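Trainee: File follows, data_31.txt with compact mmCIF, C-alpha atoms:
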```txt
# COMPACT_ATOMS: atom_id res chain seq x y z
CA GLY A 1 11.93 -23.47 19.94
CA ALA A 2 12.55 -20.53 22.24
CA SER A 3 14.10 -18.43 19.48
CA ARG A 4 10.82 -18.15 17.60
CA ARG A 5 8.98 -16.97 20.72
CA LEU A 6 11.29 -14.13 21.69
CA TRP A 7 8.49 -11.59 21.69
CA HIS A 8 7.25 -13.42 24.82
CA ALA A 9 10.68 -13.52 26.46
CA PRO A 10 11.33 -11.81 29.81
CA PRO A 11 12.73 -8.26 29.64
CA CYS A 12 16.36 -9.26 30.13
CA CYS A 13 16.23 -11.69 27.19
CA ALA A 14 14.07 -9.40 25.06
CA VAL A 15 16.60 -6.57 25.35
CA ALA A 16 19.39 -8.88 24.26
CA HIS A 17 17.33 -10.07 21.28
CA ARG A 18 16.36 -6.57 20.23
CA THR A 19 19.97 -5.41 20.39
CA TRP A 20 21.05 -8.34 18.19
CA GLY A 21 17.98 -8.06 15.98
CA ALA A 22 18.42 -4.35 15.36
CA ARG A 23 21.60 -4.99 13.37
CA ALA A 24 19.81 -7.46 11.07
CA MET A 25 16.23 -6.28 11.20
CA ASP A 26 16.59 -2.60 10.45
CA ILE A 27 17.61 -2.93 6.82
CA ALA A 28 16.31 0.46 5.77
CA GLN A 29 17.84 2.20 8.78
CA ASN A 30 21.20 0.49 8.21
CA ILE A 31 21.32 1.41 4.52
CA ALA A 32 20.26 4.99 5.18
CA GLY A 33 22.69 5.22 8.11
CA ASP A 34 25.67 3.83 6.21
CA TRP A 35 25.19 5.96 3.13
CA VAL A 36 23.59 9.19 4.31
CA LEU A 37 22.53 9.69 7.92
CA ASP A 38 25.74 8.72 9.77
CA PRO A 39 28.13 10.76 7.62
CA LEU A 40 25.84 13.78 7.16
CA LEU A 41 23.58 13.98 10.20
CA TRP A 42 24.77 11.91 13.13
CA LYS A 43 28.53 12.08 12.45
CA HIS A 44 28.79 8.52 13.82
CA GLU A 45 28.19 9.87 17.33
CA VAL A 46 24.62 8.64 18.06
CA PRO A 47 24.01 4.88 18.38
CA ARG A 48 21.39 3.41 16.09
CA ASP A 49 19.42 1.91 18.97
CA SER A 50 18.85 5.37 20.49
CA THR A 51 15.08 6.00 20.52
CA VAL A 52 15.53 9.60 19.39
CA ARG A 53 17.71 8.51 16.50
CA GLN A 54 15.32 5.72 15.55
CA LEU A 55 12.41 8.18 15.43
CA VAL A 56 14.37 10.66 13.31
CA ASP A 57 15.75 7.95 11.01
CA LEU A 58 12.34 6.37 10.47
CA TYR A 59 10.74 9.72 9.76
CA LEU A 60 13.37 10.63 7.16
CA ILE A 61 13.17 7.17 5.57
CA TYR A 62 9.38 7.36 5.30
CA CYS A 63 9.38 10.98 4.19
CA ILE A 64 12.18 10.93 1.61
CA GLY A 65 11.93 7.27 0.67
CA GLY A 66 8.16 7.49 0.47
CA ALA A 67 8.34 10.48 -1.86
CA LEU A 68 10.83 8.69 -4.12
CA MET A 69 8.82 5.45 -4.09
CA TYR A 70 5.84 7.52 -5.19
CA LEU A 71 7.37 9.87 -7.76
CA ILE A 72 9.66 7.49 -9.65
CA PRO A 73 7.24 4.55 -10.24
CA ALA A 74 4.30 6.92 -10.84
CA ALA A 75 6.32 8.85 -13.43
CA LEU A 76 7.39 5.64 -15.18
CA ASP A 77 3.80 4.39 -15.18
CA PHE A 78 2.52 7.75 -16.43
CA PHE A 79 4.92 7.91 -19.38
CA LEU A 80 5.01 4.21 -20.27
CA LEU A 81 1.56 2.77 -19.48
CA PHE A 82 -0.99 5.47 -18.76
CA ASP A 83 -3.43 6.00 -21.62
CA ARG A 84 -3.39 9.73 -22.37
CA LYS A 85 -6.92 9.45 -23.76
CA TRP A 86 -8.10 9.68 -20.17
CA MET A 87 -6.82 13.26 -20.14
CA GLN A 88 -9.45 14.11 -22.77
CA ASP A 89 -12.28 12.91 -20.54
CA LYS A 90 -14.74 15.62 -19.53
CA GLN A 91 -14.08 14.80 -15.85
CA TRP A 92 -10.33 15.36 -16.16
CA ILE A 93 -9.37 18.51 -14.24
CA PRO A 94 -7.11 21.07 -15.96
CA GLY A 95 -3.65 20.81 -14.43
CA GLN A 96 -4.71 17.64 -12.61
CA VAL A 97 -1.33 15.89 -12.57
CA GLY A 98 0.27 18.86 -10.85
CA LEU A 99 -2.56 18.98 -8.31
CA GLU A 100 -2.22 15.25 -7.60
CA ILE A 101 1.54 15.58 -7.05
CA LYS A 102 1.08 18.65 -4.86
CA LEU A 103 -1.42 16.89 -2.58
CA ALA A 104 0.69 13.73 -2.36
CA LEU A 105 3.93 15.54 -1.56
CA SER A 106 2.23 17.71 1.05
CA SER A 107 0.64 14.66 2.70
CA ILE A 108 3.64 12.29 2.75
CA PRO A 109 5.56 14.25 5.44
CA GLN A 110 2.48 14.22 7.67
CA MET A 111 1.72 10.54 7.01
CA SER A 112 5.35 9.82 7.86
CA VAL A 113 4.85 11.10 11.42
CA LEU A 114 2.07 8.56 11.99
CA MET A 115 3.92 5.73 10.26
CA THR A 116 7.02 6.47 12.36
CA ALA A 117 5.00 6.24 15.58
CA VAL A 118 3.97 2.69 14.57
CA SER A 119 7.23 1.51 13.03
CA VAL A 120 9.41 2.43 16.00
CA TRP A 121 7.78 -0.47 17.88
CA GLU A 122 8.70 -2.79 15.00
CA LEU A 123 12.24 -1.44 15.06
CA LYS A 124 12.51 -2.12 18.79
CA GLY A 125 11.50 -5.75 18.33
CA TYR A 126 7.93 -5.77 19.60
CA SER A 127 6.42 -7.04 16.35
CA LYS A 128 6.55 -10.60 15.02
CA LEU A 129 8.99 -9.77 12.23
CA TYR A 130 11.75 -12.36 12.21
CA ASP A 131 15.23 -12.61 10.73
CA ARG A 132 16.03 -16.17 9.66
CA VAL A 133 14.00 -18.31 7.28
CA ASP A 134 14.92 -21.44 9.25
CA GLU A 135 13.02 -20.11 12.29
CA TYR A 136 9.75 -21.13 10.60
CA GLY A 137 10.85 -22.82 7.38
CA TRP A 138 10.21 -22.21 3.69
CA GLY A 139 6.71 -23.64 3.82
CA TYR A 140 5.63 -21.07 6.39
CA LEU A 141 7.38 -18.31 4.41
CA ALA A 142 5.21 -19.14 1.36
CA LEU A 143 2.08 -19.45 3.51
CA SER A 144 2.79 -16.09 5.16
CA VAL A 145 2.64 -14.39 1.74
CA VAL A 146 -0.90 -15.69 1.24
CA ALA A 147 -1.83 -14.83 4.82
CA PHE A 148 -0.43 -11.31 4.46
CA PHE A 149 -2.40 -10.60 1.28
CA MET A 150 -5.64 -12.08 2.59
CA PHE A 151 -5.37 -10.36 5.98
CA THR A 152 -4.46 -6.92 4.66
CA ASP A 153 -6.96 -7.06 1.80
CA CYS A 154 -9.74 -7.69 4.32
CA LEU A 155 -8.67 -4.77 6.54
CA VAL A 156 -8.09 -2.37 3.65
CA TYR A 157 -11.53 -3.21 2.27
CA TRP A 158 -13.30 -2.42 5.54
CA PHE A 159 -11.17 0.60 6.42
CA HIS A 160 -11.76 1.97 2.91
CA ARG A 161 -15.47 1.28 3.06
CA TRP A 162 -15.75 2.97 6.47
CA LEU A 163 -13.98 6.00 5.00
CA HIS A 164 -17.05 6.35 2.78
CA ILE A 165 -19.29 6.90 5.82
CA PRO A 166 -20.43 10.50 5.20
CA VAL A 167 -18.75 12.15 8.20
CA LEU A 168 -15.43 10.37 7.54
CA TYR A 169 -15.69 10.88 3.81
CA LYS A 170 -16.29 14.61 4.15
CA HIS A 171 -13.31 15.26 6.43
CA ILE A 172 -10.80 12.57 5.40
CA HIS A 173 -11.43 10.66 2.18
CA LYS A 174 -13.00 13.29 -0.08
CA PRO A 175 -9.69 14.79 -1.35
CA HIS A 176 -8.78 11.46 -2.97
CA HIS A 177 -12.09 11.36 -4.82
CA LYS A 178 -11.48 14.74 -6.35
CA TRP A 179 -9.92 12.72 -9.16
CA LYS A 180 -12.90 11.15 -10.94
CA VAL A 181 -10.55 10.11 -13.69
CA ALA A 182 -7.24 9.33 -12.01
CA SER A 183 -3.64 9.19 -13.16
CA PRO A 184 -0.83 7.18 -11.52
CA PHE A 185 0.03 10.31 -9.54
CA ALA A 186 -3.38 10.12 -7.81
CA SER A 187 -2.27 6.92 -6.08
CA HIS A 188 -0.79 8.78 -3.09
CA ALA A 189 -2.88 11.95 -3.37
CA PHE A 190 -4.63 11.49 -0.03
CA HIS A 191 -5.44 13.42 3.09
CA PRO A 192 -2.59 12.39 5.47
CA LEU A 193 -4.92 10.53 7.84
CA ASP A 194 -6.54 8.73 4.89
CA GLY A 195 -3.16 7.51 3.66
CA PHE A 196 -2.19 6.36 7.14
CA ILE A 197 -5.47 4.51 7.74
CA GLN A 198 -5.22 2.61 4.47
CA GLY A 199 -1.53 1.83 5.04
CA PHE A 200 -2.00 0.78 8.67
CA PRO A 201 -3.09 -2.84 7.89
CA TYR A 202 0.40 -3.63 6.56
CA HIS A 203 1.79 -2.77 9.99
CA ILE A 204 -1.00 -4.47 11.95
CA ALA A 205 -0.20 -7.74 10.15
CA VAL A 206 3.30 -8.06 11.63
CA PHE A 207 1.91 -7.80 15.15
CA VAL A 208 -0.60 -10.58 14.44
CA PHE A 209 1.51 -13.29 12.77
CA PRO A 210 5.23 -13.75 12.00
CA VAL A 211 6.52 -12.26 8.73
CA HIS A 212 10.12 -12.43 7.54
CA LYS A 213 11.56 -8.91 7.61
CA ILE A 214 12.93 -8.98 4.05
CA LEU A 215 9.70 -10.46 2.75
CA TRP A 216 7.78 -7.68 4.51
CA MET A 217 9.91 -5.02 2.81
CA VAL A 218 9.44 -6.67 -0.59
CA LEU A 219 5.68 -6.86 -0.03
CA PHE A 220 5.57 -3.25 1.15
CA VAL A 221 7.35 -2.03 -1.99
CA GLY A 222 5.21 -4.31 -4.18
CA ILE A 223 1.99 -2.98 -2.64
CA ASN A 224 3.20 0.56 -3.34
CA MET A 225 3.64 -0.39 -7.01
CA TRP A 226 0.22 -2.04 -7.08
CA THR A 227 -1.41 1.06 -5.59
CA ILE A 228 0.09 3.14 -8.38
CA SER A 229 -0.93 0.63 -11.05
CA ILE A 230 -4.62 0.54 -10.12
CA HIS A 231 -4.80 4.29 -10.69
CA ASP A 232 -3.38 4.25 -14.21
CA GLY A 233 -6.45 3.05 -16.15
CA HIS A 234 -4.29 0.41 -17.84
CA PHE A 235 -6.46 -2.71 -17.80
CA ALA A 236 -3.73 -5.31 -17.61
CA VAL A 237 -5.38 -8.19 -15.72
CA PRO A 238 -4.91 -11.31 -17.89
CA ASN A 239 -8.01 -12.54 -19.68
CA TRP A 240 -8.17 -15.72 -17.62
CA LYS A 241 -11.47 -16.58 -15.99
CA TRP A 242 -10.01 -17.01 -12.49
CA ALA A 243 -7.94 -13.81 -12.75
CA ARG A 244 -10.88 -11.71 -13.92
CA TRP A 245 -12.95 -13.15 -11.05
CA LEU A 246 -10.32 -12.65 -8.33
CA ILE A 247 -8.11 -9.67 -9.10
CA ASN A 248 -9.16 -6.10 -8.34
CA GLY A 249 -7.22 -4.28 -11.06
CA ALA A 250 -7.20 -0.81 -12.56
CA ALA A 251 -10.50 -1.44 -14.35
CA HIS A 252 -12.22 -2.09 -11.02
CA HIS A 253 -10.61 0.85 -9.26
CA THR A 254 -11.43 3.16 -12.15
CA ASP A 255 -15.09 2.42 -11.47
CA HIS A 256 -14.55 3.10 -7.78
CA HIS A 257 -13.50 6.64 -8.65
CA LEU A 258 -16.26 7.05 -11.22
CA TYR A 259 -19.17 5.49 -9.32
CA PHE A 260 -18.00 5.91 -5.72
CA ASN A 261 -19.68 3.05 -3.80
CA TYR A 262 -18.16 0.03 -5.56
CA ASN A 263 -14.89 -1.93 -5.64
CA TYR A 264 -13.29 -0.92 -2.36
CA GLY A 265 -10.81 -3.81 -2.38
CA GLN A 266 -7.06 -3.48 -2.74
CA TYR A 267 -5.96 -6.54 -4.70
CA PHE A 268 -8.90 -8.95 -4.66
CA THR A 269 -12.63 -8.76 -5.37
CA ILE A 270 -13.49 -11.24 -2.61
CA TRP A 271 -14.60 -8.76 0.05
CA ASP A 272 -16.51 -6.63 -2.45
CA ARG A 273 -18.43 -9.74 -3.45
CA ILE A 274 -19.08 -10.65 0.19
CA GLY A 275 -20.00 -7.06 1.09
CA GLY A 276 -22.27 -6.51 -1.90
CA SER A 277 -20.13 -3.71 -3.32
CA TYR A 278 -18.70 -5.52 -6.34
CA MET A 279 -19.15 -3.98 -9.79
CA TYR A 280 -18.01 -5.69 -12.95
CA PRO A 281 -15.71 -3.15 -14.67
CA SER A 282 -17.83 -0.92 -16.87
CA LYS A 283 -15.11 -0.27 -19.45
CA VAL A 284 -14.44 -4.01 -19.78
CA ARG A 285 -18.16 -4.69 -20.18
CA GLN A 286 -18.39 -1.95 -22.81
CA ALA A 287 -15.45 -3.40 -24.75
CA GLU A 288 -16.95 -6.89 -24.56
CA GLU A 289 -20.32 -5.64 -25.83
CA GLU A 290 -18.66 -3.78 -28.70
CA LEU A 291 -16.70 -6.92 -29.60
CA LYS A 292 -19.87 -9.03 -29.60
CA LYS A 293 -21.62 -6.41 -31.70
CA GLY A 294 -18.77 -6.45 -34.20
CA VAL A 295 -18.86 -10.24 -34.44
CA LYS A 296 -22.61 -10.20 -35.07
CA GLU A 297 -22.27 -7.56 -37.82
CA GLU A 298 -19.70 -9.70 -39.58
```
Let me see whether you can do it: turn the structure in this file into structure tokens.
Mentor:
Amino acid sequence: GASRRLWHAPPCCAVAHRTWGARAMDIAQNIAGDWVLDPLLWKHEVPRDSTVRQLVDLYLIYCIGGALMYLIPAALDFFLLFDRKWMQDKQWIPGQVGLEIKLALSSIPQMSVLMTAVSVWELKGYSKLYDRVDEYGWGYLALSVVAFFMFTDCLVYWFHRWLHIPVLYKHIHKPHHKWKVASPFASHAFHPLDGFIQGFPYHIAVFVFPVHKILWMVLFVGINMWTISIHDGHFAVPNWKWARWLINGAAHHTDHHLYFNYNYGQYFTIWDRIGGSYMYPSKVRQAEEELKKGVKEE
């Protein structure tokens, strides 16, 4: 009914909805406000729907939260999953992990400015994020997960591929390709504009079709984890025919760093196959050939 079309409502109704929605929709702002920002920064004197406060809150959430969501999972991946043999590769740079962390932590505060400029419109209720599952039902909730992955994978593929156009590559994307052999800490080691461009599709999606706000946060965190995982060289895609055909895992992304013009996708190989940029993972092929050779020798 009318409740699921509130982004089309007249200004008087829209303001009422945004005021109500802000208390439910702004989960990150509410948590940060309750635990840190109200007692330490705002002293409970600035309302949370103040535009100035929203901009400051979002920036701090992206900056500090982004750094923590990078450092903690990347460190766990590095110590628990990352194969240290990659550090013996001739293309591994001395002191590389420190360089990756330095670039990431210097870029996150700048990326946060751009992300804040987009997210403030979500916070004010102009996106199609919604609060209650019953507004669209459980069936739509499940469908929106598929839609979100398919939509964002398409945009990330093309944005990423365009970043390999020489003029854009030289000035924006090249720092990320400094790491021919990457570690989990390379996942966020971008030029600030590069990181923003490749993260922008996740924000575009919620202005195109409705996404439940909690689901969006879960997907956002999950994508962050996935981005780290495809830089760890840990080839964990199950050996199922459909999975090996569909999923763009660490083996694929390793070849993107090694061979440059292949495997631009984020989670799927679909757009690489359509765009003629798909490469079957070289390390997987090598392992398969060695296995066949061993079987023949026996």
Trainee: Counting only C-alpha atoms, find the residues whose atoms lie at most 12 Å from (6.3, -19.8, 2.6) (file coordinates) and write them out as a PyMOL selection string.
Mentor: chain A and resi 133-148+210-212+215
Trainee: Provide the atom CA of A:Met115 to atom CA of A:Phe196 distance in Å, to one decimal place.
Mentor: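 Between atom CA of A:Met115 and atom CA of A:Phe196 the gap is 6.9 Å.
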Trainee: Quick one: pull the distance between atom CA of A:Asp255 and atom CA of A:Ile101, Å, one decimal.
Mentor: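 Separating atom CA of A:Asp255 from atom CA of A:Ile101 is a distance of 21.7 Å.
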Trainee: List as a list in words the protein and nucleic acid residues near A:His176, meaning an atom at most 9 Å away when all atoms listed in the file are counted, but skip any in the same chain fewer than 2 places from it.
Mentor: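 The residues satisfying every condition are Glu100, Ile172, His173, Lys174, Lys178, Trp179, Lys180, Ala186, Ser187, His188, Ala189, Phe190, His191, Asp194 and His257 of chain A.
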Trainee: For the contact check between stretch 232-258 of chain A and stretch 81-93 of chain A, emit one row per residue of stretch 232-258 of chain A within 12 Å, containing the shortest atom pair and the distance in Å rounded to one decimal, counting all atoms listed in the file, chain then rising number order, as JSON lines.
Mentor:
```
{"residue": "A:Asp232", "atom": "CA", "partner": "A:Phe82", "partner_atom": "CA", "distance": 5.3}
{"residue": "A:Gly233", "atom": "CA", "partner": "A:Phe82", "partner_atom": "CA", "distance": 6.5}
{"residue": "A:His234", "atom": "CA", "partner": "A:Phe82", "partner_atom": "CA", "distance": 6.1}
{"residue": "A:Phe235", "atom": "CA", "partner": "A:Leu81", "partner_atom": "CA", "distance": 9.9}
{"residue": "A:Ala236", "atom": "CA", "partner": "A:Leu81", "partner_atom": "CA", "distance": 9.8}
{"residue": "A:Ala250", "atom": "CA", "partner": "A:Phe82", "partner_atom": "CA", "distance": 10.8}
{"residue": "A:Thr254", "atom": "CA", "partner": "A:Trp86", "partner_atom": "CA", "distance": 10.9}
{"residue": "A:His257", "atom": "CA", "partner": "A:Gln91", "partner_atom": "CA", "distance": 10.9}
{"residue": "A:Leu258", "atom": "CA", "partner": "A:Gln91", "partner_atom": "CA", "distance": 9.3}
```
Trainee: When you draw a straight line from atom CA of A:Leu155 to atom CA of A:Pro201, how long is it in Å?
Mentor: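 It comes out at 6.1 Å.
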Trainee: Go through A:Arg273, A:Leu105, A:Tyr278, A:Ile223 one by one, measure the shortest atom-to-atom distance of each to A:Leu68 using all atoms listed in the file, and give the residue with the smallest value.
Mentor: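 Of A:Arg273, A:Leu105, A:Tyr278, A:Ile223, the one nearest A:Leu68 is A:Leu105, counting all atoms listed in the file.
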Trainee: From the options A:Pro39, A:Pro184, A:Pro238, A:Pro166, which residue's atoms come nearest to A:Met225, counting only C-alpha atoms?
Mentor: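 The answer is A:Pro184, which sits nearest to A:Met225.
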Trainee: Pick out the closest residue to A:Asp57 from this set: A:Leu123, A:Leu163, A:Leu99, A:Met69. Count all atoms listed in the file.
Mentor: A:Leu123
Trainee: Since the input lacks atoms, please generate N, CA, C and O atoms for stretch 193-204 of chain A and provide them as a tab-separated table (two decimals), in the coordinates of the input.
Mentor:
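Writing the result to part_22.tsv gives the following:
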```
chain	number	residue	atom	x	y	z
A	193	LEU	N	-4.30	11.55	6.99
A	193	LEU	CA	-4.92	10.53	7.84
A	193	LEU	C	-5.50	9.40	6.99
A	193	LEU	O	-5.46	8.23	7.39
A	194	ASP	N	-6.01	9.73	5.82
A	194	ASP	CA	-6.54	8.73	4.89
A	194	ASP	C	-5.42	7.78	4.47
A	194	ASP	O	-5.56	6.55	4.51
A	195	GLY	N	-4.29	8.34	4.07
A	195	GLY	CA	-3.16	7.51	3.66
A	195	GLY	C	-2.67	6.62	4.78
A	195	GLY	O	-2.34	5.45	4.56
A	196	PHE	N	-2.64	7.15	5.99
A	196	PHE	CA	-2.19	6.36	7.14
A	196	PHE	C	-3.17	5.23	7.43
A	196	PHE	O	-2.76	4.09	7.63
A	197	ILE	N	-4.46	5.52	7.43
A	197	ILE	CA	-5.47	4.51	7.74
A	197	ILE	C	-5.39	3.35	6.75
A	197	ILE	O	-5.43	2.17	7.13
A	198	GLN	N	-5.24	3.68	5.47
A	198	GLN	CA	-5.22	2.61	4.47
A	198	GLN	C	-3.87	1.89	4.40
A	198	GLN	O	-3.77	0.79	3.83
A	199	GLY	N	-2.83	2.51	4.97
A	199	GLY	CA	-1.53	1.83	5.04
A	199	GLY	C	-1.32	1.08	6.35
A	199	GLY	O	-0.43	0.23	6.45
A	200	PHE	N	-2.16	1.36	7.35
A	200	PHE	CA	-2.00	0.78	8.67
A	200	PHE	C	-2.11	-0.75	8.68
A	200	PHE	O	-1.39	-1.42	9.44
A	201	PRO	N	-2.99	-1.37	7.87
A	201	PRO	CA	-3.09	-2.84	7.89
A	201	PRO	C	-1.78	-3.56	7.63
A	201	PRO	O	-1.56	-4.66	8.17
A	202	TYR	N	-0.87	-2.98	6.85
A	202	TYR	CA	0.40	-3.63	6.56
A	202	TYR	C	1.29	-3.66	7.80
A	202	TYR	O	2.19	-4.51	7.89
A	203	HIS	N	1.05	-2.77	8.72
A	203	HIS	CA	1.79	-2.77	9.99
A	203	HIS	C	1.07	-3.63	11.04
A	203	HIS	O	1.72	-4.30	11.83
A	204	ILE	N	-0.25	-3.61	11.02
A	204	ILE	CA	-1.00	-4.47	11.95
A	204	ILE	C	-0.61	-5.94	11.74
A	204	ILE	O	-0.44	-6.70	12.70
```
